[in-house]
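Heads up, the thing below is written out as structure tokens.
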Amino acid sequence: MTPPDAPDRTPPADTVFHAGRLVPAHEASLRVDSMALRYGLSVFEGVRIYRLAGGGIRPWLLPQHLDRLRASLSAMRLPDPGVGEVPGVIAELAARNGITDDAYCRISVSADGPGLIGDEVRPVLSVTVRPMGRKRWLAGPDGMRLSVSRWQRPSGAVLPTHAKSIAQYAGSRIALAEAKAAGYDGCLLTTPEGNVAEAPTATLCAVHAGELTTPPLTDGVLPGVTRAWVLAACRDLGIPARPLSTGVARLRAADEVFLCGTGLEFAPVRALDSVTVPDWERRPVMSRLAEKYFAEARGESPATDVVWSSVD
Ligand SMILES: Cc1ncc(COP(=O)(O)O)c(C=O)c1O
């Protein structure tokens, strides 16, 4: 099994799919004058591949990720280069790269070829599949210390917030660098109204007196596939759950806070700025969700019905 907290390791035969061909990773490149680099024109998905209890592997929540990818293409006005072939490409790459355990697949569509800002785009589809195990927050007993950042998630008046576009991450990266320099493990981006939005690459969930809330999509957060799974799974588990705008004071009053997302899976939050989250060690709601998540992902129990949508 992939050891806990395994970094995204490169398989010996790192074959990737790029522009219609299976090639060694070092041969898959975009031009330096591509519109992707000039204007930040690239949308992507991160998909987990899980080892099944009964043997074999399976991309997890792939149809929902592909729905979001198509929505991202449409929002960013990029043509579809053939997203329908992604499931077959993933299977082929997993076989070529000898993937038999948990892995991470990145699918991107980028504006290849030179051009000026108003020019037509030539989209190129790229897919990578590489081993990835648990991050330290699930593998060990620790919890994250997060700061509430002065940096904001771009509002819907800046970029389409439901699009998973690389352009969204330029500011989040600065926010994360600032938080790390101040000794935190991560940060929460805010909204123009001063609410908390999400972490740079994960959804925020808070629990108050047994009720789970997560910032609503109208607050400009990415419509996370894991977020959609969490809201649906809470219904199955009888945990009250709803999207709700949350200010810093409300968040600080939570019994439990955690992050969730494809790459991170689940991560308990131990402290917000210098304030300790009371139930961070017991993390009762996150633990129930994580247990259900892995049972489903590994095919040990039927999968929750999850519909991805760009609106709540
Ligand atoms: C900004 C942002 N929010 C939330 C998430 C979690 O989304 P998902 O559960 O679809 O991975 C991600 C994941 O990459 C992200 O980049």
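Residues are referred to by chain and number: the chain letter is A, B, ... according to the order shown in the structure tokens, the number counts from 1 in that chain, and ligands are numbered separately from 1 in the order shown.
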
Hey, which bits of range 162-255 of chain A sit within 10 Å of range 293-296 of chain A, and for each residue what's the closest pair of atoms and how far apart in Å (one decimal), counting only C-alpha atoms, rows by chain and increasing number, as CSV?
residue,atom,partner,partner_atom,distance
A:Thr226,CA,A:Tyr293,CA,9.5
A:Trp229,CA,A:Tyr293,CA,8.6
A:Val230,CA,A:Tyr293,CA,8.6
A:Ala233,CA,A:Tyr293,CA,8.4

- Step by step, measure atom-to-atom distances between ligand 1 and each residue using only C-alpha atoms and all ligand atoms, keep those at most 10 Å, then write them as a PyMOL selection string. chain A and resi 44-48+61+64-65+68+153+161-166+168-169+172+189+197-204+220-230+259-266+308

- Query: Could you pull the residues within 7 Å of Thr15 in chain A, counting only C-alpha atoms, minus those fewer than 5 positions along the same chain, as an MDAnalysis selection string?
  - Reply: chainID A and resid 22:25 93 96:97

Write the residues you've just listed into a file as a PDB file, in the first residue's frame, and include N, CA and C atoms for each of them.
ATOM      1  N   LEU A  22       0.362   9.466 -26.175  1.00  0.00           N
ATOM      2  CA  LEU A  22       0.967   9.022 -24.922  1.00  0.00           C
ATOM      3  C   LEU A  22       2.466   9.226 -25.078  1.00  0.00           C
ATOM      4  N   VAL A  23       3.035  10.056 -24.196  1.00  0.00           N
ATOM      5  CA  VAL A  23       4.454  10.405 -24.337  1.00  0.00           C
ATOM      6  C   VAL A  23       5.118  10.435 -22.959  1.00  0.00           C
ATOM      7  N   PRO A  24       6.463  10.308 -22.910  1.00  0.00           N
ATOM      8  CA  PRO A  24       7.138  10.513 -21.624  1.00  0.00           C
ATOM      9  C   PRO A  24       6.877  11.954 -21.148  1.00  0.00           C
ATOM     10  N   ALA A  25       6.736  12.131 -19.815  1.00  0.00           N
ATOM     11  CA  ALA A  25       6.354  13.445 -19.274  1.00  0.00           C
ATOM     12  C   ALA A  25       7.240  14.578 -19.802  1.00  0.00           C
ATOM     13  N   LEU A  93      -3.299   5.148 -19.045  1.00  0.00           N
ATOM     14  CA  LEU A  93      -2.136   5.683 -18.319  1.00  0.00           C
ATOM     15  C   LEU A  93      -1.852   4.885 -17.049  1.00  0.00           C
ATOM     16  N   ARG A  96      -0.119   1.749 -18.151  1.00  0.00           N
ATOM     17  CA  ARG A  96       1.262   2.014 -18.596  1.00  0.00           C
ATOM     18  C   ARG A  96       2.186   2.374 -17.452  1.00  0.00           C
ATOM     19  N   ASN A  97       1.635   3.090 -16.453  1.00  0.00           N
ATOM     20  CA  ASN A  97       2.479   3.547 -15.337  1.00  0.00           C
ATOM     21  C   ASN A  97       2.488   2.562 -14.169  1.00  0.00           C
TER      22      ASN A  97
END

- Item | Nearest candidate to Asp101 in chain A (options A:Ile239, A:Val311, A:Ile57, A:Val269; using only C-alpha atoms) |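 That would be A:Ile57, the residue with the smallest distance to Asp101 in chain A.
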
- Using only C-alpha atoms, find the one residue out of A:Asp273, A:Glu92, A:Asp219, A:Asp67 that sits nearest to Val16 in chain A.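 The answer is A:Glu92, which sits nearest to Val16 in chain A.
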
- Return the single residue from A:Pro131, A:Gly247, A:Gly171, A:Gly156 that is closest to Pro215 in chain A, with distances computed using only C-alpha atoms.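 Result for the nearest residue to Pro215 in chain A: A:Gly247.
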
- Taking the backbone alone, and naming residues the way the document does, which bits of range 60-292 of chain A are strand (DSSP E) by DSSP, as a ChimeraX atom specification? /A:103-112,122-131,144-152,186-190,196-199,202-208,211-214,241-243,256-261,265-272,275-276

- Message: What does the structure give for the distance between CA of Val109 in chain A and CA of Ala167 in chain A, in Å to one decimal?
- Response: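 Between CA of Val109 in chain A and CA of Ala167 in chain A the gap is 13.1 Å.
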
- Would you mind reading off the distance between CA of Ala271 in chain A and CA of Leu176 in chain A, one decimal, in Å?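 Taking CA of Ala271 in chain A as the start and CA of Leu176 in chain A as the end point, the length is 15.9 Å.
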
- Could you jot down the CA of Asp312 in chain A to CA of Leu217 in chain A separation for me, Å, one decimal place?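 Rounded to one decimal, the two atoms are 6.2 Å apart.
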
If we count only C-alpha atoms and set the cut-off at 7 Å, which residues sit around Gly56 in chain A, ignoring sequence neighbours fewer than 3 positions away in its own chain? Please answer as a PDB file with C-alpha atoms, in the first residue's frame.
ATOM      1  CA  ARG A  51      -7.471   0.878  -4.822  1.00  0.00           C
ATOM      2  CA  LEU A  52     -10.626  -1.207  -4.427  1.00  0.00           C
ATOM      3  CA  THR A 100      -2.146  -0.577  -8.667  1.00  0.00           C
TER       4      THR A 100
END

- Query: Where does DSSP see helix (DSSP H, G or I) in range 55-250 of chain A, if you list the residues as a ChimeraX atom specification?
  - Reply: /A:62-75,83-96,136-139,166-181,217-219,225-237,248-250

Please, could you write that set of residues out with C-alpha atoms as an mmCIF file, in the first residue's frame?
data_model
loop_
_atom_site.group_PDB
_atom_site.id
_atom_site.type_symbol
_atom_site.label_atom_id
_atom_site.label_comp_id
_atom_site.auth_asym_id
_atom_site.auth_seq_id
_atom_site.Cartn_x
_atom_site.Cartn_y
_atom_site.Cartn_z
ATOM 1 C CA LEU A 62 -15.014 10.933 -12.256
ATOM 2 C CA PRO A 63 -18.358 11.842 -13.938
ATOM 3 C CA GLN A 64 -18.785 14.726 -11.472
ATOM 4 C CA HIS A 65 -15.247 15.959 -12.175
ATOM 5 C CA LEU A 66 -15.860 15.798 -15.917
ATOM 6 C CA ASP A 67 -19.115 17.745 -15.487
ATOM 7 C CA ARG A 68 -17.144 20.472 -13.731
ATOM 8 C CA LEU A 69 -14.408 20.380 -16.385
ATOM 9 C CA ARG A 70 -16.999 20.947 -19.109
ATOM 10 C CA ALA A 71 -18.502 23.791 -17.066
ATOM 11 C CA SER A 72 -15.027 25.307 -16.635
ATOM 12 C CA LEU A 73 -14.391 25.131 -20.394
ATOM 13 C CA SER A 74 -17.665 26.819 -21.115
ATOM 14 C CA ALA A 75 -17.187 29.533 -18.467
ATOM 15 C CA VAL A 83 -13.098 15.450 -22.743
ATOM 16 C CA GLY A 84 -15.183 12.350 -23.565
ATOM 17 C CA GLU A 85 -12.002 10.346 -24.101
ATOM 18 C CA VAL A 86 -10.650 11.043 -20.592
ATOM 19 C CA PRO A 87 -11.933 7.824 -18.893
ATOM 20 C CA GLY A 88 -10.175 5.668 -21.513
ATOM 21 C CA VAL A 89 -7.016 7.757 -21.284
ATOM 22 C CA ILE A 90 -6.901 7.369 -17.492
ATOM 23 C CA ALA A 91 -7.239 3.585 -17.768
ATOM 24 C CA GLU A 92 -4.472 3.471 -20.368
ATOM 25 C CA LEU A 93 -2.136 5.683 -18.319
ATOM 26 C CA ALA A 94 -2.750 3.726 -15.113
ATOM 27 C CA ALA A 95 -1.831 0.512 -16.947
ATOM 28 C CA ARG A 96 1.262 2.014 -18.596
ATOM 29 C CA ARG A 136 -0.201 13.946 6.939
ATOM 30 C CA TRP A 137 -3.473 15.334 8.330
ATOM 31 C CA LEU A 138 -5.266 12.039 7.792
ATOM 32 C CA ALA A 139 -2.257 9.807 8.232
ATOM 33 C CA ILE A 166 -5.294 28.218 -13.077
ATOM 34 C CA ALA A 167 -5.867 31.979 -12.989
ATOM 35 C CA GLN A 168 -7.735 31.518 -9.670
ATOM 36 C CA TYR A 169 -4.616 30.232 -7.949
ATOM 37 C CA ALA A 170 -2.182 33.096 -8.445
ATOM 38 C CA GLY A 171 -3.551 35.055 -5.478
ATOM 39 C CA SER A 172 -4.157 31.989 -3.294
ATOM 40 C CA ARG A 173 -0.521 31.053 -3.694
ATOM 41 C CA ILE A 174 0.564 34.416 -2.280
ATOM 42 C CA ALA A 175 -1.881 33.989 0.608
ATOM 43 C CA LEU A 176 -0.469 30.538 1.378
ATOM 44 C CA ALA A 177 3.122 31.762 1.192
ATOM 45 C CA GLU A 178 2.274 34.559 3.648
ATOM 46 C CA ALA A 179 0.568 32.134 6.039
ATOM 47 C CA LYS A 180 3.470 29.683 5.925
ATOM 48 C CA ALA A 181 5.982 32.485 6.527
ATOM 49 C CA LEU A 217 -21.422 28.978 -3.809
ATOM 50 C CA THR A 218 -22.769 32.543 -3.918
ATOM 51 C CA ASP A 219 -19.775 33.450 -1.710
ATOM 52 C CA VAL A 225 -16.857 17.674 -5.836
ATOM 53 C CA THR A 226 -15.937 16.576 -2.301
ATOM 54 C CA ARG A 227 -18.176 19.377 -0.964
ATOM 55 C CA ALA A 228 -21.066 17.970 -3.009
ATOM 56 C CA TRP A 229 -20.248 14.479 -1.667
ATOM 57 C CA VAL A 230 -20.117 15.775 1.941
ATOM 58 C CA LEU A 231 -23.507 17.509 1.672
ATOM 59 C CA ALA A 232 -25.070 14.355 0.170
ATOM 60 C CA ALA A 233 -23.343 12.017 2.648
ATOM 61 C CA CYS A 234 -24.556 14.131 5.590
ATOM 62 C CA ARG A 235 -28.121 13.509 4.406
ATOM 63 C CA ASP A 236 -27.433 9.736 4.410
ATOM 64 C CA LEU A 237 -25.840 9.906 7.863
ATOM 65 C CA VAL A 248 -14.771 34.967 11.215
ATOM 66 C CA ALA A 249 -16.607 35.307 14.563
ATOM 67 C CA ARG A 250 -19.042 32.499 13.681
#

- Skip Val32 in chain A itself and residues of its chain fewer than 5 positions away, then list as a ChimeraX atom specification all residues within 10 Å of it, counting only C-alpha atoms. /A:37-38,112-114

- Query: Looking at only C-alpha atoms, which of A:Ala253, A:Thr190, A:Val148, A:Arg106 is the one that sits closest to Val127 in chain A?
  - Reply: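 Checking each of A:Ala253, A:Thr190, A:Val148, A:Arg106 against Val127 in chain A, counting only C-alpha atoms, the winner is A:Arg106.
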
- Message: Env of Thr276 in chain A: 12 Å cut, atoms = only C-alpha atoms, seq-sep filter 3 positions within chain, self excluded. Answer as a list in words.
- Response: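 In the requested form, the answer reads Gly143, Met144, Arg145, Leu146, Ser147, Leu251, Arg252, Ala253, Ala254, Asp255, Glu256, Val257, Pro268, Val269, Arg270, Ala271, Leu272, Asp273, Asp279, Trp280 and Glu281 of chain A.
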
Got time to write the residues from that selection, N, CA and C atoms, as a short mmCIF file (atom, residue, chain, number, x, y, z; two decimals), in the first residue's frame?
data_model
loop_
_atom_site.label_atom_id
_atom_site.label_comp_id
_atom_site.auth_asym_id
_atom_site.auth_seq_id
_atom_site.Cartn_x
_atom_site.Cartn_y
_atom_site.Cartn_z
N GLY A 143 -3.46 18.31 13.62
CA GLY A 143 -4.48 19.11 12.95
C GLY A 143 -3.83 20.37 12.39
N MET A 144 -4.48 20.99 11.42
CA MET A 144 -3.89 22.16 10.76
C MET A 144 -4.07 23.43 11.58
N ARG A 145 -3.08 24.27 11.54
CA ARG A 145 -3.22 25.62 12.10
C ARG A 145 -3.38 26.56 10.91
N LEU A 146 -4.53 27.22 10.87
CA LEU A 146 -4.84 28.09 9.73
C LEU A 146 -4.92 29.54 10.15
N SER A 147 -4.50 30.41 9.27
CA SER A 147 -4.74 31.84 9.51
C SER A 147 -5.89 32.27 8.60
N LEU A 251 -17.12 31.41 12.68
CA LEU A 251 -16.21 30.28 12.50
C LEU A 251 -15.46 29.98 13.80
N ARG A 252 -15.04 31.04 14.48
CA ARG A 252 -14.29 30.86 15.74
C ARG A 252 -15.15 30.21 16.82
N ALA A 253 -16.48 30.29 16.65
CA ALA A 253 -17.38 29.70 17.65
C ALA A 253 -17.73 28.25 17.31
N ALA A 254 -17.13 27.70 16.25
CA ALA A 254 -17.46 26.32 15.84
C ALA A 254 -16.86 25.32 16.83
N ASP A 255 -17.54 24.17 16.96
CA ASP A 255 -17.01 23.08 17.78
C ASP A 255 -15.93 22.33 17.01
N GLU A 256 -16.13 22.25 15.70
CA GLU A 256 -15.24 21.46 14.86
C GLU A 256 -15.10 22.18 13.52
N VAL A 257 -13.90 22.19 12.99
CA VAL A 257 -13.65 22.79 11.67
C VAL A 257 -12.76 21.82 10.91
N PRO A 268 -8.42 17.84 9.70
CA PRO A 268 -8.97 18.57 10.84
C PRO A 268 -8.23 19.90 11.04
N VAL A 269 -8.96 20.91 11.46
CA VAL A 269 -8.33 22.20 11.77
C VAL A 269 -8.21 22.31 13.28
N ARG A 270 -6.99 22.49 13.73
CA ARG A 270 -6.68 22.52 15.15
C ARG A 270 -6.83 23.94 15.73
N ALA A 271 -6.43 24.92 14.93
CA ALA A 271 -6.52 26.31 15.42
C ALA A 271 -6.76 27.26 14.26
N LEU A 272 -7.52 28.31 14.57
CA LEU A 272 -7.77 29.40 13.61
C LEU A 272 -7.07 30.63 14.18
N ASP A 273 -6.11 31.16 13.45
CA ASP A 273 -5.20 32.16 14.03
C ASP A 273 -4.69 31.56 15.34
N ASP A 279 -13.18 20.89 19.44
CA ASP A 279 -13.30 19.45 19.21
C ASP A 279 -12.35 18.94 18.13
N TRP A 280 -11.19 19.62 17.99
CA TRP A 280 -10.33 19.26 16.87
C TRP A 280 -9.75 17.85 17.02
N GLU A 281 -9.54 17.42 18.26
CA GLU A 281 -8.92 16.11 18.43
C GLU A 281 -9.92 14.97 18.23
#
